[in-house]
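So this one's upload-v4.pdb, PDB, C-alpha atoms:
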ATOM      1  CA  MET A 255     -12.246  13.954-112.794
ATOM      2  CA  THR A 256      -8.784  14.106-111.265
ATOM      3  CA  ARG A 257      -8.997  13.880-107.459
ATOM      4  CA  LYS A 258      -6.992  16.794-106.100
ATOM      5  CA  GLN A 259      -5.161  15.557-103.052
ATOM      6  CA  PHE A 260      -3.294  18.876-102.815
ATOM      7  CA  TRP A 261      -6.520  20.346-101.433
ATOM      8  CA  SER A 262      -6.834  17.678 -98.739
ATOM      9  CA  ASP A 263      -3.178  17.926 -97.736
ATOM     10  CA  PRO A 264      -1.086  20.657 -99.393
ATOM     11  CA  TYR A 265       1.925  19.491 -97.363
ATOM     12  CA  GLN A 266       2.006  16.036 -98.976
ATOM     13  CA  THR A 267       5.089  15.641-101.167
ATOM     14  CA  GLU A 268       4.686  12.126-102.606
ATOM     15  CA  LEU A 269       1.661  10.146-103.799
ATOM     16  CA  ALA A 270       1.134   6.636-105.187
ATOM     17  CA  THR A 271      -1.641   6.686-107.799
ATOM     18  CA  ARG A 272      -2.522   5.312-111.244
ATOM     19  CA  VAL A 273      -2.603   6.702-114.755
ATOM     20  CA  SER A 274      -6.172   7.165-115.962
ATOM     21  CA  ARG A 275      -5.483   8.207-119.570
ATOM     22  CA  VAL A 276      -2.609   8.794-121.988
ATOM     23  CA  ASP A 277      -2.521  10.790-125.209
ATOM     24  CA  GLY A 278       1.020  10.943-126.550
ATOM     25  CA  ALA A 279       3.127  12.973-124.144
ATOM     26  CA  ARG A 280       0.018  14.021-122.193
ATOM     27  CA  VAL A 281      -0.936  12.038-119.104
ATOM     28  CA  TRP A 282      -3.951  12.131-116.775
ATOM     29  CA  LEU A 283      -3.917  10.679-113.244
ATOM     30  CA  GLU A 284      -6.629   9.255-111.009
ATOM     31  CA  GLU A 285      -5.497  11.604-108.216
ATOM     32  CA  THR A 286      -2.706  14.109-107.820
ATOM     33  CA  ILE A 287      -0.697  16.303-105.473
ATOM     34  CA  PHE A 288       0.808  18.220-108.417
ATOM     35  CA  TYR A 289      -0.811  21.669-108.653
ATOM     36  CA  ALA A 290      -1.412  23.186-112.102
ATOM     37  CA  PHE A 291      -1.228  26.934-112.819
ATOM     38  CA  SER A 292      -4.436  28.616-111.683
ATOM     39  CA  GLY A 293      -5.510  31.864-110.092
ATOM     40  CA  GLY A 294      -2.066  33.329-110.665
ATOM     41  CA  GLN A 295      -0.257  30.596-108.694
ATOM     42  CA  GLU A 296       2.408  28.872-110.783
ATOM     43  CA  SER A 297       2.428  25.109-111.273
ATOM     44  CA  ASP A 298       4.438  22.829-109.058
ATOM     45  CA  SER A 299       7.574  21.230-110.396
ATOM     46  CA  GLY A 300       8.352  17.554-109.934
ATOM     47  CA  ARG A 301       8.076  14.101-111.454
ATOM     48  CA  ILE A 302       5.499  11.478-112.393
ATOM     49  CA  ALA A 303       6.806   7.898-112.415
ATOM     50  CA  GLY A 304      10.322   9.345-112.447
ATOM     51  CA  HIS A 305       9.672  11.535-115.516
ATOM     52  CA  PRO A 306       9.965  15.329-115.179
ATOM     53  CA  VAL A 307       6.690  17.192-115.679
ATOM     54  CA  ARG A 308       7.168  19.711-118.486
ATOM     55  CA  GLN A 309       3.740  21.335-118.171
ATOM     56  CA  ALA A 310       0.669  21.040-115.931
ATOM     57  CA  GLU A 311      -2.661  22.401-117.175
ATOM     58  CA  LYS A 312      -6.167  22.610-115.792
ATOM     59  CA  GLN A 313      -8.724  21.022-118.113
ATOM     60  CA  GLU A 314     -12.173  21.680-116.637
ATOM     61  CA  MET A 315     -12.261  19.331-113.586
ATOM     62  CA  ASP A 316      -9.158  17.418-114.712
ATOM     63  CA  ILE A 317      -5.446  18.190-114.745
ATOM     64  CA  VAL A 318      -3.309  17.076-117.684
ATOM     65  CA  TYR A 319       0.463  16.681-117.412
ATOM     66  CA  THR A 320       2.910  16.853-120.298
ATOM     67  CA  LEU A 321       5.933  14.556-119.948
ATOM     68  CA  ASP A 322       8.718  13.726-122.374
ATOM     69  CA  ALA A 323       7.378  11.798-125.367
ATOM     70  CA  ASP A 324       9.242   8.611-124.406
ATOM     71  CA  HIS A 325       7.637   8.294-120.936
ATOM     72  CA  GLY A 326       6.263   4.817-121.731
ATOM     73  CA  LEU A 327       3.225   5.089-119.446
ATOM     74  CA  ALA A 328      -0.135   3.536-120.260
ATOM     75  CA  ALA A 329      -3.615   3.745-118.749
ATOM     76  CA  SER A 330      -3.905   1.834-115.431
ATOM     77  CA  ASP A 331      -0.139   1.904-114.811
ATOM     78  CA  ALA A 332       0.945   2.607-111.243
ATOM     79  CA  ALA A 333       2.730   5.946-110.917
ATOM     80  CA  THR A 334       4.359   7.833-108.068
ATOM     81  CA  VAL A 335       3.988  11.609-108.068
ATOM     82  CA  GLU A 336       6.735  13.656-106.428
ATOM     83  CA  ILE A 337       6.766  17.433-106.054
ATOM     84  CA  ASP A 338       9.560  19.889-105.347
ATOM     85  CA  TRP A 339       8.583  20.703-101.758
ATOM     86  CA  PRO A 340      10.809  23.781-101.181
ATOM     87  CA  ARG A 341       9.265  25.371-104.290
ATOM     88  CA  ARG A 342       5.701  24.447-103.252
ATOM     89  CA  TYR A 343       6.193  25.839 -99.752
ATOM     90  CA  ARG A 344       7.533  29.177-101.035
ATOM     91  CA  LEU A 345       4.588  29.403-103.437
ATOM     92  CA  MET A 346       2.180  28.760-100.549
ATOM     93  CA  ARG A 347       3.832  31.398 -98.362
ATOM     94  CA  LEU A 348       3.922  34.014-101.129
ATOM     95  CA  HIS A 349       0.393  33.156-102.217
ATOM     96  CA  PHE A 350      -1.075  33.808 -98.801
ATOM     97  CA  ALA A 351       1.064  36.922 -98.322
ATOM     98  CA  ALA A 352      -0.228  38.330-101.621
ATOM     99  CA  GLU A 353      -3.858  37.552-100.768
ATOM    100  CA  LEU A 354      -3.421  39.205 -97.373
ATOM    101  CA  VAL A 355      -1.825  42.337 -98.845
ATOM    102  CA  LEU A 356      -4.586  42.582-101.442
ATOM    103  CA  GLU A 357      -7.281  42.407 -98.764
ATOM    104  CA  VAL A 358      -5.543  45.136 -96.756
ATOM    105  CA  ILE A 359      -5.261  47.371 -99.838
ATOM    106  CA  CYS A 360      -8.924  46.924-100.768
ATOM    107  CA  ARG A 361     -10.004  47.744 -97.219
ATOM    108  CA  GLN A 362      -7.881  50.869 -97.038
ATOM    109  CA  MET A 363      -8.757  52.126-100.543
ATOM    110  CA  ASP A 364     -12.327  51.694-101.716
ATOM    111  CA  ASP A 365     -11.449  52.547-105.324
ATOM    112  CA  ALA A 366      -8.738  49.876-105.657
ATOM    113  CA  GLU A 367      -9.801  46.984-107.898
ATOM    114  CA  LYS A 368      -7.700  43.867-108.534
ATOM    115  CA  ILE A 369      -6.943  43.271-112.215
ATOM    116  CA  GLY A 370      -4.208  40.638-112.031
ATOM    117  CA  ALA A 371      -1.879  38.544-109.900
ATOM    118  CA  HIS A 372       1.058  36.192-110.270
ATOM    119  CA  ILE A 373       2.672  33.965-107.659
ATOM    120  CA  ALA A 374       6.181  32.754-108.496
ATOM    121  CA  GLU A 375       8.893  31.173-106.370
ATOM    122  CA  ASP A 376      10.933  34.374-105.961
ATOM    123  CA  LYS A 377       8.116  36.906-105.505
ATOM    124  CA  ALA A 378       4.406  37.541-105.875
ATOM    125  CA  ARG A 379       2.678  40.488-107.461
ATOM    126  CA  ILE A 380      -0.798  41.967-107.451
ATOM    127  CA  ASP A 381      -2.047  44.497-110.011
ATOM    128  CA  PHE A 382      -4.974  46.823-109.456
ATOM    129  CA  THR A 383      -6.497  50.012-110.727
ATOM    130  CA  LEU A 384      -5.760  53.135-108.702
ATOM    131  CA  ASP A 385      -5.511  56.771-109.735
ATOM    132  CA  LEU A 386      -2.736  57.759-107.315
ATOM    133  CA  PRO A 387       0.673  56.143-106.629
ATOM    134  CA  ILE A 388       0.465  53.757-103.707
ATOM    135  CA  THR A 389       4.080  54.320-102.592
ATOM    136  CA  PRO A 390       3.302  56.606 -99.590
ATOM    137  CA  LEU A 391       0.856  54.011 -98.245
ATOM    138  CA  LEU A 392       3.100  50.958 -98.563
ATOM    139  CA  PRO A 393       4.616  51.121 -95.043
ATOM    140  CA  ALA A 394       1.149  51.127 -93.433
ATOM    141  CA  ILE A 395      -0.087  48.363 -95.756
ATOM    142  CA  ALA A 396       2.958  46.206 -95.009
ATOM    143  CA  ALA A 397       2.591  46.776 -91.269
ATOM    144  CA  ALA A 398      -1.101  45.845 -91.305
ATOM    145  CA  ALA A 399      -0.453  42.641 -93.249
ATOM    146  CA  GLN A 400       2.522  41.765 -91.055
ATOM    147  CA  ARG A 401       0.397  42.038 -87.912
ATOM    148  CA  TRP A 402      -1.981  39.355 -89.214
ATOM    149  CA  ILE A 403       1.004  37.185 -90.108
ATOM    150  CA  ASP A 404       2.656  37.669 -86.722
ATOM    151  CA  ASP A 405      -0.571  36.743 -84.916
ATOM    152  CA  ASP A 406       0.022  33.197 -86.271
ATOM    153  CA  LEU A 407      -3.672  32.445 -86.727
ATOM    154  CA  PRO A 408      -5.107  29.199 -88.127
ATOM    155  CA  ILE A 409      -6.076  29.380 -91.802
ATOM    156  CA  VAL A 410      -9.256  27.558 -92.771
ATOM    157  CA  SER A 411      -9.337  26.152 -96.321
ATOM    158  CA  ALA A 412     -12.454  24.326 -97.511
ATOM    159  CA  PHE A 413     -15.097  23.920-100.211
ATOM    160  CA  SER A 414     -17.840  26.464-100.741
ATOM    161  CA  ASP A 415     -19.246  24.260-103.545
ATOM    162  CA  GLU A 416     -17.597  20.836-103.755
ATOM    163  CA  ALA A 417     -19.444  19.708-106.889
ATOM    164  CA  ALA A 418     -18.149  22.742-108.778
ATOM    165  CA  GLY A 419     -14.697  22.573-107.205
ATOM    166  CA  ARG A 420     -15.035  26.022-105.612
ATOM    167  CA  ARG A 421     -12.963  26.647-102.505
ATOM    168  CA  TYR A 422     -12.021  29.453-100.139
ATOM    169  CA  TRP A 423      -9.550  30.369 -97.433
ATOM    170  CA  GLU A 424     -10.552  32.111 -94.249
ATOM    171  CA  LEU A 425      -8.570  33.893 -91.583
ATOM    172  CA  PRO A 426     -10.833  34.153 -88.521
ATOM    173  CA  GLY A 427     -11.664  37.739 -87.692
ATOM    174  CA  PHE A 428     -10.274  39.070 -90.949
ATOM    175  CA  ALA A 429     -11.648  37.716 -94.226
ATOM    176  CA  ARG A 430     -13.069  34.801 -96.187
ATOM    177  CA  VAL A 431     -11.760  34.781 -99.767
ATOM    178  CA  PRO A 432     -12.687  32.518-102.730
ATOM    179  CA  CYS A 433      -9.532  30.683-103.819
ATOM    180  CA  GLY A 434      -8.631  27.235-105.171
ATOM    181  CA  GLY A 435      -4.904  27.379-104.484
ATOM    182  CA  THR A 436      -2.782  25.543-101.928
ATOM    183  CA  HIS A 437      -2.801  27.135 -98.486
ATOM    184  CA  LEU A 438      -0.785  27.234 -95.312
ATOM    185  CA  ARG A 439      -2.083  25.924 -92.006
ATOM    186  CA  ARG A 440      -1.175  29.100 -90.094
ATOM    187  CA  SER A 441      -0.537  32.716 -91.047
ATOM    188  CA  GLY A 442       2.754  32.795 -89.116
ATOM    189  CA  GLU A 443       4.349  30.428 -91.627
ATOM    190  CA  VAL A 444       4.658  33.348 -94.064
ATOM    191  CA  GLY A 445       7.424  34.977 -92.018
ATOM    192  CA  ARG A 446       8.598  38.528 -92.650
ATOM    193  CA  ILE A 447       7.541  40.270 -95.871
ATOM    194  CA  ALA A 448       8.615  43.325 -97.860
ATOM    195  CA  LEU A 449       6.603  45.278-100.429
ATOM    196  CA  LYS A 450       7.735  47.206-103.493
ATOM    197  CA  ARG A 451       5.684  49.371-105.853
ATOM    198  CA  ARG A 452       5.994  49.166-109.649
ATOM    199  CA  ASN A 453       4.440  51.615-112.093
ATOM    200  CA  VAL A 454       2.703  49.612-114.829
ATOM    201  CA  GLY A 455       0.768  52.396-116.540
ATOM    202  CA  LYS A 456      -1.595  55.285-115.975
ATOM    203  CA  GLY A 457      -4.270  54.418-113.443
ATOM    204  CA  LYS A 458      -2.648  51.071-112.653
ATOM    205  CA  GLU A 459      -0.456  50.008-109.772
ATOM    206  CA  ARG A 460       1.596  46.901-109.053
ATOM    207  CA  VAL A 461       2.743  45.769-105.625
ATOM    208  CA  GLU A 462       5.424  43.092-105.424
ATOM    209  CA  ILE A 463       5.697  40.918-102.325
ATOM    210  CA  TYR A 464       8.966  39.354-101.156
ATOM    211  CA  LEU A 465       9.805  36.940 -98.354
ATOM    212  CA  LEU A 466      12.566  38.176 -96.055
ATOM    213  CA  ASP A 467      12.800  34.845 -94.196
ATOM    214  CA  GLN A 468      14.210  32.284 -96.608
TER     215      GLN A 468
END
So that I can check it, write out the structure of this file as structure tokens.
Amino acid sequence: MTRKQFWSDPYQTELATRVSRVDGARVWLEETIFYAFSGGQESDSGRIAGHPVRQAEKQEMDIVYTLDADHGLAASDAATVEIDWPRRYRLMRLHFAAELVLEVICRQMDDAEKIGAHIAEDKARIDFTLDLPITPLLPAIAAAAQRWIDDDLPIVSAFSDEAAGRRYWELPGFARVPCGGTHLRRSGEVGRIALKRRNVGKGKERVEIYLLDQ
């Protein structure tokens, strides 16, 4: 099982570890700070032993990384993992902003049900079922989410079931949400947000989340 150091310290940008297994271009590590796509949050970008990571994939309790075929690594080799920190930090900010907006929407509209999400470096989106356009409600939703951000509260991130790798984030006084992503220390790190509605089909709504503070 790959030890996921990004859960212990999502702000860590470099890690010295060892290769645990190699299969052609695919490499497994003993431990990692390099997040792989999961729960809608995109993978980190960065390097392993100086080689750019072309793909990062969850594989049950492991993470497998695809490098260029000529990487030359072998099992037990020492390897330094480096991530693109500006990208990671934007993903963390947008991730929490999206989770916060989703919680606000579900509290204000009992019939809203999440059906998808995607967290990229430029924006996040959440998709949900809803019979009526959400556009008239967006200002109130954005204001409610922004208040929790501006309160700059501590964000708790921990295991609910360590053996199964299940985790959650919690904002005291607001919500506790199952999530295995990388999380901020405080809500205020998100900064200012803006919301935009997209029509993705009858009975479905999409809200896009943008960071106004670069």
Two-atom distance - atom CA of A:Ala328, atom CA of A:Gly300 (Å):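 If I compute the distance from atom CA of A:Ala328 to atom CA of A:Gly300, I get 19.4 Å.
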Best match for closeness to A:Arg460 among A:Asp322, A:Asp381, A:Glu284, A:Asp298, counting only C-alpha atoms: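 The shortest atom-to-atom distance to A:Arg460 comes from A:Asp381.
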For a quick check of your reading of the model, name the residues lying within 7 Å of the coordinate (-5.8, 10.7, -103.1), counting all atoms listed in the file, and write them as a CSV table (one decimal) with C-alpha atoms, keeping the file's coordinate frame.
chain,number,residue,atom,x,y,z
A,257,ARG,CA,-9.0,13.9,-107.5
A,258,LYS,CA,-7.0,16.8,-106.1
A,259,GLN,CA,-5.2,15.6,-103.1
A,285,GLU,CA,-5.5,11.6,-108.2
A,286,THR,CA,-2.7,14.1,-107.8
Answer key for the PyMOL selection byres ((chain A and resi 389) around 10), residues as a list in words: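 Output from the PyMOL selection byres ((chain A and resi 389) around 10), applied to this file: Leu386, Pro387, Ile388, Pro390, Leu391, Leu392, Pro393, Ile395, Leu449, Lys450, Arg451, Arg452, Asn453, Glu459 and Val461 of chain A.
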Once you have the residues from the selection above, write them out as a compact mmCIF listing (two decimals), in the frame of the given file, restricted to C-alpha atoms.
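Output saved as part_17.txt:
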# COMPACT_ATOMS: atom_id res chain seq x y z
CA LEU A 386 -2.74 57.76 -107.32
CA PRO A 387 0.67 56.14 -106.63
CA ILE A 388 0.46 53.76 -103.71
CA PRO A 390 3.30 56.61 -99.59
CA LEU A 391 0.86 54.01 -98.24
CA LEU A 392 3.10 50.96 -98.56
CA PRO A 393 4.62 51.12 -95.04
CA ILE A 395 -0.09 48.36 -95.76
CA LEU A 449 6.60 45.28 -100.43
CA LYS A 450 7.74 47.21 -103.49
CA ARG A 451 5.68 49.37 -105.85
CA ARG A 452 5.99 49.17 -109.65
CA ASN A 453 4.44 51.62 -112.09
CA GLU A 459 -0.46 50.01 -109.77
CA VAL A 461 2.74 45.77 -105.62
Expected residue set, 7 Å radius at (3.4, 43.7, -102.4), only C-alpha atoms, as a PyMOL selection string: chain A and resi 352+355+379-380+448-450+461-463
Spatial neighbours of A:Arg446, max dist 8 Å, only C-alpha atoms, sep filter under 6 positions, as number ranges by chain: A: 400, 465-467
Just to be explicit: take each residue in the selection above, keep C-alpha atoms, and write the result as a CSV table (one decimal), keeping the file's coordinate frame.
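Contents of again_34.csv, as written:
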chain,number,residue,atom,x,y,z
A,400,GLN,CA,2.5,41.8,-91.1
A,465,LEU,CA,9.8,36.9,-98.4
A,466,LEU,CA,12.6,38.2,-96.1
A,467,ASP,CA,12.8,34.8,-94.2
Could you give me the centre and size, in Å to one decimal, of an axis-aligned box around all listed atoms of stretch 377-381 of chain A with 5 Å added on every side, as JSON?
{"center_x": 3.0, "center_y": 40.7, "center_z": -107.8, "size_x": 20.2, "size_y": 17.6, "size_z": 14.5}
Resolved residues for the PyMOL selection byres ((chain A and resi 428) around 10) as a ChimeraX atom specification: /A:354,357-358,402,424-427,429-431
One-decimal distance in Å that lies between atom CA of A:Arg347 and atom CA of A:Ala374: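 Separating atom CA of A:Ala374 from atom CA of A:Arg347 is a distance of 10.5 Å.
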Within 8 Å of A:Gly435 using only C-alpha atoms, minus same-chain residues under 2 positions, as a VMD selection string: chain A and resid 261 292 to 293 295 433 437
